[in-house]
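Below: structure-v2.cif (mmCIF, C-alpha atoms)
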data_structure
loop_
_atom_site.label_atom_id
_atom_site.label_comp_id
_atom_site.auth_asym_id
_atom_site.auth_seq_id
_atom_site.Cartn_x
_atom_site.Cartn_y
_atom_site.Cartn_z
CA MET A 1 0.00 0.00 0.00
CA LYS A 2 1.38 3.38 -1.01
CA ARG A 3 1.05 6.57 1.01
CA THR A 4 2.44 10.11 0.85
CA VAL A 5 3.64 11.97 3.93
CA SER A 6 4.12 15.73 3.66
CA LEU A 7 6.83 17.27 5.84
CA LYS A 8 6.96 21.03 6.36
CA LEU A 9 10.57 22.16 5.97
CA ALA A 10 12.10 24.83 8.19
CA PRO A 11 15.25 25.81 6.28
CA MET A 12 17.62 28.64 7.06
CA ILE A 13 17.54 31.61 4.68
CA SER A 14 20.62 30.39 2.80
CA GLN A 15 19.17 26.87 2.49
CA HIS A 16 15.85 28.26 1.21
CA THR A 17 17.76 30.17 -1.47
CA MET A 18 19.75 27.07 -2.49
CA LEU A 19 16.63 24.89 -2.79
CA THR A 20 14.85 27.58 -4.81
CA GLU A 21 17.85 27.76 -7.17
CA LEU A 22 17.73 23.98 -7.51
CA ALA A 23 14.02 24.13 -8.44
CA VAL A 24 14.72 26.74 -11.13
CA GLU A 25 17.56 24.67 -12.63
CA PHE A 26 15.49 21.47 -12.46
CA SER A 27 12.61 23.10 -14.36
CA LYS A 28 15.05 24.32 -17.02
CA VAL A 29 16.25 20.75 -17.62
CA CYS A 30 12.68 19.47 -17.87
CA ASN A 31 11.77 22.17 -20.38
CA MET A 32 14.92 21.40 -22.40
CA ILE A 33 13.89 17.73 -22.61
CA VAL A 34 10.41 18.51 -23.97
CA PRO A 35 11.57 19.29 -27.57
CA TYR A 36 13.26 15.87 -27.71
CA VAL A 37 9.94 14.27 -26.73
CA ILE A 38 8.05 16.23 -29.39
CA GLN A 39 10.60 15.66 -32.15
CA ASN A 40 11.03 11.93 -31.52
CA ARG A 41 7.52 11.25 -30.18
CA CYS A 42 9.14 9.41 -27.30
CA TRP A 43 8.09 9.42 -23.65
CA ASN A 44 9.35 5.99 -22.68
CA ARG A 45 11.72 6.44 -19.75
CA VAL A 46 14.50 4.22 -21.03
CA ARG A 47 14.43 5.42 -24.63
CA LEU A 48 14.18 9.04 -23.55
CA HIS A 49 17.15 8.54 -21.23
CA HIS A 50 19.30 7.33 -24.13
CA LEU A 51 18.15 10.28 -26.25
CA VAL A 52 18.84 13.17 -23.88
CA TYR A 53 21.04 12.11 -20.96
CA TYR A 54 24.47 13.03 -22.33
CA ASP A 55 23.25 16.29 -23.88
CA MET A 56 21.71 17.37 -20.57
CA ARG A 57 24.85 16.46 -18.64
CA ILE A 58 26.85 18.77 -20.89
CA LEU A 59 24.31 21.62 -20.68
CA PHE A 60 23.73 21.33 -16.91
CA PRO A 61 26.96 20.04 -15.31
CA SER A 62 26.10 21.41 -11.86
CA LEU A 63 23.01 19.21 -11.49
CA GLY A 64 24.82 15.91 -11.51
CA SER A 65 23.82 12.62 -13.09
CA GLN A 66 21.10 11.62 -10.65
CA MET A 67 19.18 14.88 -10.92
CA ILE A 68 19.30 14.63 -14.71
CA CYS A 69 17.80 11.15 -14.41
CA GLN A 70 15.05 12.51 -12.16
CA ALA A 71 14.26 15.25 -14.68
CA ILE A 72 13.98 12.65 -17.46
CA HIS A 73 11.63 10.59 -15.30
CA ARG A 74 9.58 13.67 -14.51
CA VAL A 75 9.04 14.53 -18.18
CA ALA A 76 8.34 10.91 -19.16
CA ASP A 77 5.78 10.55 -16.35
CA ALA A 78 4.08 13.82 -17.34
CA TYR A 79 3.57 12.67 -20.93
CA THR A 80 2.50 9.21 -19.83
CA THR A 81 -0.15 10.78 -17.59
CA LEU A 82 -1.25 13.13 -20.38
CA LYS A 83 -1.69 10.18 -22.75
CA ALA A 84 -3.68 8.21 -20.16
CA ASN A 85 -6.01 11.11 -19.29
CA LYS A 86 -6.52 13.04 -22.52
CA GLY A 87 -4.63 11.13 -25.18
CA ILE A 88 -1.89 12.42 -27.48
CA PRO A 89 -2.77 13.13 -31.15
CA LYS A 90 -0.99 11.03 -33.76
CA ASP A 91 0.00 14.03 -35.85
CA SER A 92 1.50 16.17 -33.07
CA VAL A 93 2.76 15.99 -29.50
CA PRO A 94 1.66 18.85 -27.23
CA CYS A 95 4.24 20.94 -25.39
CA ILE A 96 4.22 20.67 -21.58
CA ALA A 97 5.73 23.57 -19.62
CA PHE A 98 7.32 22.82 -16.25
CA LYS A 99 7.31 25.46 -13.52
CA SER A 100 10.03 25.92 -10.93
CA ASP A 101 7.84 24.82 -8.02
CA SER A 102 8.93 21.22 -7.44
CA VAL A 103 11.94 18.89 -7.64
CA ASN A 104 12.05 15.10 -7.77
CA PHE A 105 14.38 13.27 -5.37
CA ASP A 106 15.36 9.63 -4.97
CA LYS A 107 17.37 7.73 -2.37
CA ARG A 108 20.63 8.92 -3.93
CA THR A 109 19.72 12.59 -3.65
CA TYR A 110 18.12 12.68 -0.19
CA THR A 111 18.69 11.01 3.17
CA PHE A 112 16.00 10.99 5.84
CA GLN A 113 17.37 11.46 9.34
CA GLY A 114 14.28 11.07 11.47
CA ASP A 115 16.05 10.82 14.82
CA SER A 116 17.66 14.24 14.46
CA GLY A 117 14.66 15.83 12.72
CA ASP A 118 16.68 16.56 9.57
CA VAL A 119 16.55 15.57 5.94
CA SER A 120 19.74 15.77 3.88
CA LEU A 121 19.01 17.22 0.45
CA PHE A 122 21.07 17.63 -2.70
CA THR A 123 21.61 21.25 -3.75
CA LEU A 124 23.77 22.96 -6.35
CA HIS A 125 26.18 23.77 -3.50
CA GLY A 126 26.45 20.30 -1.99
CA ARG A 127 24.34 18.39 0.54
CA LYS A 128 22.46 20.40 3.16
CA ASN A 129 20.74 19.18 6.32
CA VAL A 130 17.33 20.86 6.52
CA LYS A 131 15.07 20.78 9.57
CA PHE A 132 11.50 19.56 9.12
CA ILE A 133 8.25 19.66 11.10
CA CYS A 134 5.73 16.80 11.25
CA GLY A 135 3.11 15.40 13.62
CA LYS A 136 2.78 12.08 15.40
CA HIS A 137 0.63 10.58 12.62
CA GLN A 138 3.30 11.28 9.99
CA LYS A 139 6.05 9.93 12.25
CA ASP A 140 4.13 6.69 12.83
CA LEU A 141 3.61 6.22 9.07
CA ILE A 142 7.30 6.80 8.35
CA LYS A 143 8.36 4.29 11.01
CA SER A 144 5.99 1.61 9.71
CA GLY A 145 6.76 2.06 6.00
CA GLU A 146 9.63 1.87 3.54
CA LEU A 147 10.88 5.18 2.15
CA LYS A 148 10.80 5.52 -1.63
CA GLU A 149 11.04 8.58 -3.86
CA ALA A 150 10.28 12.09 -2.66
CA ARG A 151 9.39 15.50 -4.05
CA LEU A 152 10.25 19.00 -2.91
CA ILE A 153 7.25 21.35 -3.25
CA ILE A 154 7.50 25.15 -3.21
CA LYS A 155 4.16 26.78 -2.44
CA ASN A 156 3.85 30.47 -1.54
CA LYS A 157 7.54 30.54 -0.60
CA GLN A 158 6.96 27.70 1.89
CA LEU A 159 8.88 24.45 1.32
CA TYR A 160 7.34 20.99 1.75
CA PHE A 161 8.99 17.62 1.33
CA ASN A 162 6.60 14.86 0.23
CA LEU A 163 7.83 11.37 1.06
CA PHE A 164 6.39 8.41 -0.85
CA LEU A 165 6.09 5.32 1.33
CA ASP A 166 5.42 1.63 0.84
CA LEU A 167 3.33 0.44 3.79
CA PRO A 168 2.49 -3.19 4.58
CA ASP A 169 -0.99 -4.13 3.41
CA PRO A 170 -3.45 -4.35 6.34
CA GLN A 171 -5.30 -7.55 7.04
CA LEU A 172 -8.56 -7.65 5.10
CA ILE A 173 -11.77 -7.50 7.10
CA GLN A 174 -13.62 -10.80 6.87
CA SER A 175 -17.32 -10.03 6.47
CA ASP A 176 -20.09 -10.44 3.91
CA LYS A 177 -21.52 -6.97 4.57
CA VAL A 178 -21.32 -4.17 1.98
CA LEU A 179 -21.79 -0.42 2.47
CA GLY A 180 -23.13 1.57 -0.47
CA VAL A 181 -22.22 5.27 -0.70
CA ASP A 182 -24.13 7.69 -2.94
CA ILE A 183 -22.13 10.84 -3.76
CA GLY A 184 -24.02 14.05 -4.44
CA GLU A 185 -23.92 17.84 -4.22
CA ASN A 186 -27.00 18.62 -2.13
CA ASN A 187 -26.00 15.81 0.20
CA LEU A 188 -22.26 15.20 -0.06
CA ALA A 189 -22.77 11.52 0.69
CA ALA A 190 -25.44 9.08 1.80
CA THR A 191 -24.74 5.57 3.06
CA SER A 192 -26.88 2.47 2.74
CA SER A 193 -26.93 2.35 6.56
CA GLY A 194 -29.02 5.53 6.49
CA LYS A 195 -26.45 8.19 7.37
CA LEU A 196 -26.54 11.50 5.48
CA TYR A 197 -23.80 14.13 5.09
CA GLY A 198 -25.41 17.45 4.18
CA GLY A 199 -23.84 19.68 1.54
CA LYS A 200 -25.94 22.86 1.76
CA GLU A 201 -23.43 24.77 3.89
CA LEU A 202 -20.52 23.84 1.61
CA ARG A 203 -22.50 24.68 -1.53
CA ASP A 204 -23.46 28.11 -0.17
CA LYS A 205 -19.86 28.83 0.81
CA ARG A 206 -18.62 27.82 -2.65
CA ASP A 207 -21.19 30.16 -4.21
CA ARG A 208 -19.91 33.01 -2.03
CA TYR A 209 -16.34 32.30 -3.09
CA LEU A 210 -17.42 32.31 -6.75
CA HIS A 211 -19.29 35.60 -6.35
CA GLN A 212 -16.31 37.23 -4.62
CA ARG A 213 -13.91 36.13 -7.37
CA SER A 214 -16.28 37.32 -10.13
CA ARG A 215 -16.71 40.71 -8.43
CA LEU A 216 -12.95 41.22 -8.03
CA GLN A 217 -12.18 40.05 -11.58
CA SER A 218 -14.75 42.43 -13.08
CA ASN A 219 -13.27 45.31 -11.07
CA GLY A 220 -9.80 44.88 -12.56
CA SER A 221 -8.03 47.33 -10.25
CA ARG A 222 -4.61 46.71 -8.74
CA ALA A 223 -6.18 46.34 -5.30
CA SER A 224 -8.62 43.74 -6.69
CA LYS A 225 -5.77 41.78 -8.24
CA ARG A 226 -3.88 41.81 -4.92
CA LYS A 227 -7.00 40.57 -3.15
CA LEU A 228 -7.48 37.81 -5.74
CA LYS A 229 -3.92 36.66 -5.10
CA ILE A 230 -4.51 36.65 -1.34
CA ILE A 231 -7.71 34.56 -1.52
CA SER A 232 -6.35 32.22 -4.21
CA GLY A 233 -6.86 28.60 -3.22
CA ARG A 234 -9.14 29.25 -0.23
CA GLU A 235 -12.14 27.49 -1.74
CA GLN A 236 -10.01 24.54 -2.83
CA ARG A 237 -8.48 24.17 0.64
CA HIS A 238 -11.88 24.40 2.33
CA VAL A 239 -13.43 21.79 0.04
CA LYS A 240 -10.46 19.50 0.59
CA HIS A 241 -10.83 19.84 4.37
CA ILE A 242 -14.56 19.02 4.23
CA ASN A 243 -13.93 16.00 1.97
CA HIS A 244 -11.33 14.70 4.41
CA GLU A 245 -13.84 15.02 7.28
CA VAL A 246 -16.67 13.33 5.36
CA SER A 247 -14.48 10.48 4.06
CA LYS A 248 -13.17 9.85 7.58
CA SER A 249 -16.73 9.73 8.91
CA ILE A 250 -17.76 7.31 6.14
CA ILE A 251 -14.95 4.94 7.14
CA GLN A 252 -15.99 5.19 10.79
CA GLU A 253 -19.56 4.33 9.78
CA ALA A 254 -18.30 1.37 7.73
CA MET A 255 -16.24 0.08 10.66
CA LYS A 256 -19.26 0.49 12.95
CA CYS A 257 -21.32 -1.63 10.53
CA ASN A 258 -18.46 -4.18 10.22
CA VAL A 259 -18.43 -4.11 6.41
CA SER A 260 -15.67 -5.61 4.29
CA GLU A 261 -16.43 -3.64 1.11
CA ILE A 262 -17.49 -0.10 0.21
CA ARG A 263 -19.23 0.51 -3.09
CA MET A 264 -19.50 3.86 -4.84
CA GLU A 265 -20.69 5.08 -8.21
CA ASP A 266 -18.30 5.34 -11.12
CA LEU A 267 -18.89 8.94 -12.21
CA THR A 268 -16.43 9.05 -15.09
CA ASN A 269 -17.55 11.46 -17.85
CA ILE A 270 -20.45 12.78 -15.75
CA ARG A 271 -19.39 16.38 -16.41
CA ALA A 272 -19.91 15.88 -20.14
CA ASN A 273 -23.59 15.05 -19.50
CA ILE A 274 -24.40 18.03 -17.25
CA LYS A 275 -27.53 19.86 -18.40
CA GLY A 276 -28.59 23.30 -17.24
CA GLY A 277 -27.76 26.96 -17.44
CA LYS A 278 -24.41 28.65 -17.01
CA ARG A 279 -24.81 28.99 -13.23
CA ILE A 280 -25.67 25.30 -12.77
CA LYS A 281 -22.84 24.15 -15.04
CA THR A 282 -20.31 26.41 -13.29
CA ARG A 283 -21.30 25.06 -9.88
CA LEU A 284 -21.34 21.40 -10.88
CA HIS A 285 -18.02 21.63 -12.73
CA ARG A 286 -16.49 22.73 -9.42
CA TRP A 287 -18.08 19.78 -7.58
CA ALA A 288 -15.17 17.75 -6.15
CA PHE A 289 -16.85 14.33 -6.18
CA ARG A 290 -13.75 12.51 -7.41
CA GLN A 291 -11.68 13.91 -4.55
CA LEU A 292 -14.18 12.65 -1.97
CA GLN A 293 -14.21 9.22 -3.60
CA ASP A 294 -10.41 9.05 -3.72
CA PHE A 295 -10.11 10.07 -0.06
CA THR A 296 -12.66 7.43 0.91
CA LYS A 297 -10.88 4.81 -1.19
CA TYR A 298 -7.40 5.20 0.26
CA LYS A 299 -8.71 5.44 3.83
CA ALA A 300 -10.82 2.31 3.36
CA GLU A 301 -7.89 0.36 1.95
CA GLY A 302 -5.81 1.57 4.91
CA VAL A 303 -8.09 -0.27 7.36
CA GLY A 304 -8.49 -3.44 5.28
CA MET A 305 -11.68 -2.75 3.33
CA LYS A 306 -12.15 -3.32 -0.38
CA VAL A 307 -13.53 -0.55 -2.60
CA MET A 308 -15.56 -1.21 -5.72
CA PHE A 309 -17.06 1.19 -8.25
CA VAL A 310 -20.43 0.33 -9.75
CA ASN A 311 -22.38 1.48 -12.74
CA PRO A 312 -24.54 4.45 -11.61
CA ALA A 313 -27.30 4.22 -14.22
CA TYR A 314 -30.82 4.01 -12.72
CA THR A 315 -29.59 3.69 -9.12
CA SER A 316 -31.62 6.81 -8.23
CA GLN A 317 -34.80 5.66 -10.03
CA THR A 318 -34.91 2.01 -8.95
CA CYS A 319 -36.66 0.86 -5.80
CA SER A 320 -34.21 -0.76 -3.39
CA VAL A 321 -36.94 -3.19 -2.18
CA CYS A 322 -38.70 -4.53 -5.27
CA GLY A 323 -36.33 -3.48 -8.06
CA GLY A 324 -39.02 -1.60 -9.96
CA ILE A 325 -38.87 1.95 -11.28
CA GLY A 326 -40.19 4.37 -8.65
CA LYS A 327 -40.82 8.09 -8.40
CA ARG A 328 -38.24 10.55 -7.09
CA GLU A 329 -39.15 14.07 -6.00
CA LYS A 330 -36.15 15.94 -4.59
CA TYR A 331 -35.24 14.06 -1.39
CA SER A 332 -38.24 11.72 -1.39
CA PHE A 333 -38.47 8.37 -3.16
CA SER A 334 -41.66 6.34 -3.42
CA CYS A 335 -42.63 3.14 -5.21
CA LEU A 336 -45.87 1.33 -6.05
CA CYS A 337 -44.80 -1.46 -3.70
CA GLY A 338 -45.26 0.94 -0.78
CA THR A 339 -41.62 1.84 -0.20
CA LYS A 340 -40.97 5.40 0.98
CA ARG A 341 -37.53 6.62 2.01
CA HIS A 342 -34.91 9.32 1.42
CA SER A 343 -33.96 9.29 -2.27
CA ASP A 344 -30.19 9.37 -1.60
CA VAL A 345 -30.40 6.52 0.92
CA ASN A 346 -32.44 4.53 -1.62
CA ALA A 347 -29.71 5.13 -4.21
CA ALA A 348 -27.03 4.05 -1.72
CA LEU A 349 -28.94 0.82 -1.06
CA ASN A 350 -29.09 0.17 -4.80
CA ILE A 351 -25.37 0.78 -5.08
CA ALA A 352 -24.78 -1.77 -2.33
CA GLU A 353 -27.19 -4.42 -3.63
CA PHE A 354 -28.40 -4.00 -7.20
CA ALA A 355 -25.90 -2.15 -9.34
CA GLU A 356 -23.55 -4.16 -11.52
CA SER A 357 -19.97 -3.96 -10.26
CA ILE A 358 -17.34 -2.81 -12.75
CA GLY A 359 -14.44 -3.46 -10.37
CA SER A 360 -11.88 -0.90 -9.31
CA VAL A 361 -11.25 0.31 -12.89
CA ARG A 362 -13.18 3.43 -13.83
CA GLY A 363 -14.82 3.09 -17.22
CA ALA A 364 -17.50 4.69 -19.35
CA VAL A 365 -21.02 4.89 -17.92
CA ASN A 366 -23.38 2.33 -19.44
CA ARG A 367 -26.79 1.04 -18.42
CA PRO A 368 -26.36 -1.58 -15.68
CA LYS A 369 -27.81 -5.05 -15.43
CA PHE A 370 -29.91 -5.40 -12.31
CA ALA A 371 -29.79 -8.62 -10.38
CA ASP A 372 -32.56 -10.10 -8.26
CA GLN A 373 -32.47 -9.00 -4.66
CA LYS A 374 -30.82 -11.52 -2.39
#

Can the structure from this file be put into structure tokens for me?
Amino acid sequence: MKRTVSLKLAPMISQHTMLTELAVEFSKVCNMIVPYVIQNRCWNRVRLHHLVYYDMRILFPSLGSQMICQAIHRVADAYTTLKANKGIPKDSVPCIAFKSDSVNFDKRTYTFQGDSGDVSLFTLHGRKNVKFICGKHQKDLIKSGELKEARLIIKNKQLYFNLFLDLPDPQLIQSDKVLGVDIGENNLAATSSGKLYGGKELRDKRDRYLHQRSRLQSNGSRASKRKLKIISGREQRHVKHINHEVSKSIIQEAMKCNVSEIRMEDLTNIRANIKGGKRIKTRLHRWAFRQLQDFTKYKAEGVGMKVMFVNPAYTSQTCSVCGGIGKREKYSFSCLCGTKRHSDVNAALNIAEFAESIGSVRGAVNRPKFADQK
């Protein structure tokens, strides 16, 4: 099981300057490699290494061999991700620009010294021991896992060091119980056990953030631009915090119910099917459903639960008791068989019982096959 631990660095002024210089030089190497990728249509790590390594060593002698290798890996990984997410046209390869806000490290370019509270980092002026700050949770993860690669992140002049860990897989929970989770915007989540996580407060706050940004952008003054810079990222950080809280609560509910598997909807391509006016589309395109699902997934796997994604078609319209098509009006669901319950809880029950599982791989949304209720 893989995890990332973020350490807040507390460097001296000279060390901060050296690490910033390293980030600038590292981004230059990455941007120099991009034309080779475009010209040769090559983003395979090994082939790209043979194409550019010696040229980069000549152009950037101060970086050293290992940092050049990390830059090659960074560019190759970026194009591999681009191909997987959006695809790369056959007639042309897009240009990716790398900013000077992060640097890749491996075990040859950093040494973690947990006992002394330092991490030894490669710089253009030799190795430097930099102090870091982390909590008990991070320390426990580091002690129980195997250190792998790492990445230096520069954000608003603050330095963070993200450690990638390999943790032992937890023992799987042995149970035949399943918890269905319906993800939504009005209610952030609803579980098949009947628990609801309201989203009205978050939605209203997101609307206020949007209105504030629109007002400042339309003003266009220097003061407005300074204010926009100050508030940049606030909405994203708030939504992330709420999603962490909700996902943690979902796992606690699953443990309380002693379930071995959590099922959620596969919402791939849902944004392409959004219907409504500009205001509705703007709000829903900022809906961070995937983030909530990803947080729930890694936390569930951390305690030994399996996570499956199911086809979402008709889960909101189907009765969770008889399997027939019912009537949904806002938060109320009713069926001719006499069933009446909250519409999101009904959908969560369908996700847990009826919907066809598509496994952990996210695919296109198709109409599901409904099984008979057990």

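For the choices A:Ile230, A:Lys240, A:Ala190, A:Cys322, the atom-to-atom distance to Glu265 (chain A) is smallest for A:Ala190 when using only C-alpha atoms.
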
Could you list, as a PyMOL selection string, every residue within 8 Å of region 104-110 of chain A, counting all atoms listed in the file and ignoring same-chain residues fewer than 5 positions away? chain A and resi 66-67+70-71+74+119-122+148-152

Keeping only C-alpha atoms, take the residues you just selected and write them out as a tab-separated table (two decimals), in the coordinates of the input.
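Result file follows (out00.tsv):
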chain	number	residue	atom	x	y	z
A	66	GLN	CA	21.10	11.62	-10.65
A	67	MET	CA	19.18	14.88	-10.92
A	70	GLN	CA	15.05	12.51	-12.16
A	71	ALA	CA	14.26	15.25	-14.68
A	74	ARG	CA	9.58	13.67	-14.51
A	119	VAL	CA	16.55	15.57	5.94
A	120	SER	CA	19.74	15.77	3.88
A	121	LEU	CA	19.01	17.22	0.45
A	122	PHE	CA	21.07	17.63	-2.70
A	148	LYS	CA	10.80	5.52	-1.63
A	149	GLU	CA	11.04	8.58	-3.86
A	150	ALA	CA	10.28	12.09	-2.66
A	151	ARG	CA	9.39	15.50	-4.05
A	152	LEU	CA	10.25	19.00	-2.91

Run the PyMOL selection byres ((chain A and resi 17) around 12) mentally over the shown coordinates, then write out the matched residues as a PDB file with C-alpha atoms, in the coordinates of the input, using the chain letters and numbers from the document.
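The result, stored in part_28.pdb:
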ATOM      1  CA  PRO A  11      15.250  25.810   6.280  1.00  0.00           C
ATOM      2  CA  MET A  12      17.620  28.640   7.060  1.00  0.00           C
ATOM      3  CA  ILE A  13      17.540  31.610   4.680  1.00  0.00           C
ATOM      4  CA  SER A  14      20.620  30.390   2.800  1.00  0.00           C
ATOM      5  CA  GLN A  15      19.170  26.870   2.490  1.00  0.00           C
ATOM      6  CA  HIS A  16      15.850  28.260   1.210  1.00  0.00           C
ATOM      7  CA  MET A  18      19.750  27.070  -2.490  1.00  0.00           C
ATOM      8  CA  LEU A  19      16.630  24.890  -2.790  1.00  0.00           C
ATOM      9  CA  THR A  20      14.850  27.580  -4.810  1.00  0.00           C
ATOM     10  CA  GLU A  21      17.850  27.760  -7.170  1.00  0.00           C
ATOM     11  CA  LEU A  22      17.730  23.980  -7.510  1.00  0.00           C
ATOM     12  CA  ALA A  23      14.020  24.130  -8.440  1.00  0.00           C
ATOM     13  CA  VAL A  24      14.720  26.740 -11.130  1.00  0.00           C
ATOM     14  CA  THR A 123      21.610  21.250  -3.750  1.00  0.00           C
ATOM     15  CA  LEU A 124      23.770  22.960  -6.350  1.00  0.00           C
ATOM     16  CA  HIS A 125      26.180  23.770  -3.500  1.00  0.00           C
ATOM     17  CA  LYS A 128      22.460  20.400   3.160  1.00  0.00           C
ATOM     18  CA  ILE A 154       7.500  25.150  -3.210  1.00  0.00           C
ATOM     19  CA  LYS A 157       7.540  30.540  -0.600  1.00  0.00           C
ATOM     20  CA  GLN A 158       6.960  27.700   1.890  1.00  0.00           C
ATOM     21  CA  LEU A 159       8.880  24.450   1.320  1.00  0.00           C
TER      22      LEU A 159
END

Please, what is the axis-aligned box for every listed atom of region 76-82 of chain A with 4 Å on each side, as centre and edge lengths in Å to one decimal, as JSON?
{"center_x": 3.5, "center_y": 11.5, "center_z": -18.6, "size_x": 17.6, "size_y": 12.6, "size_z": 12.6}

Have a look at CA of Met56 (chain A) and CA of Ile33 (chain A) and let me know their distance in Å, one decimal.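 Separation of CA of Met56 (chain A) and CA of Ile33 (chain A): 8.1 Å.
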
Have a look at CA of Ser316 (chain A) and CA of Glu261 (chain A) and let me know their distance in Å, one decimal. 20.7 Å

How many Å separate CA of Phe98 (chain A) from CA of Lys297 (chain A)? 29.7 Å
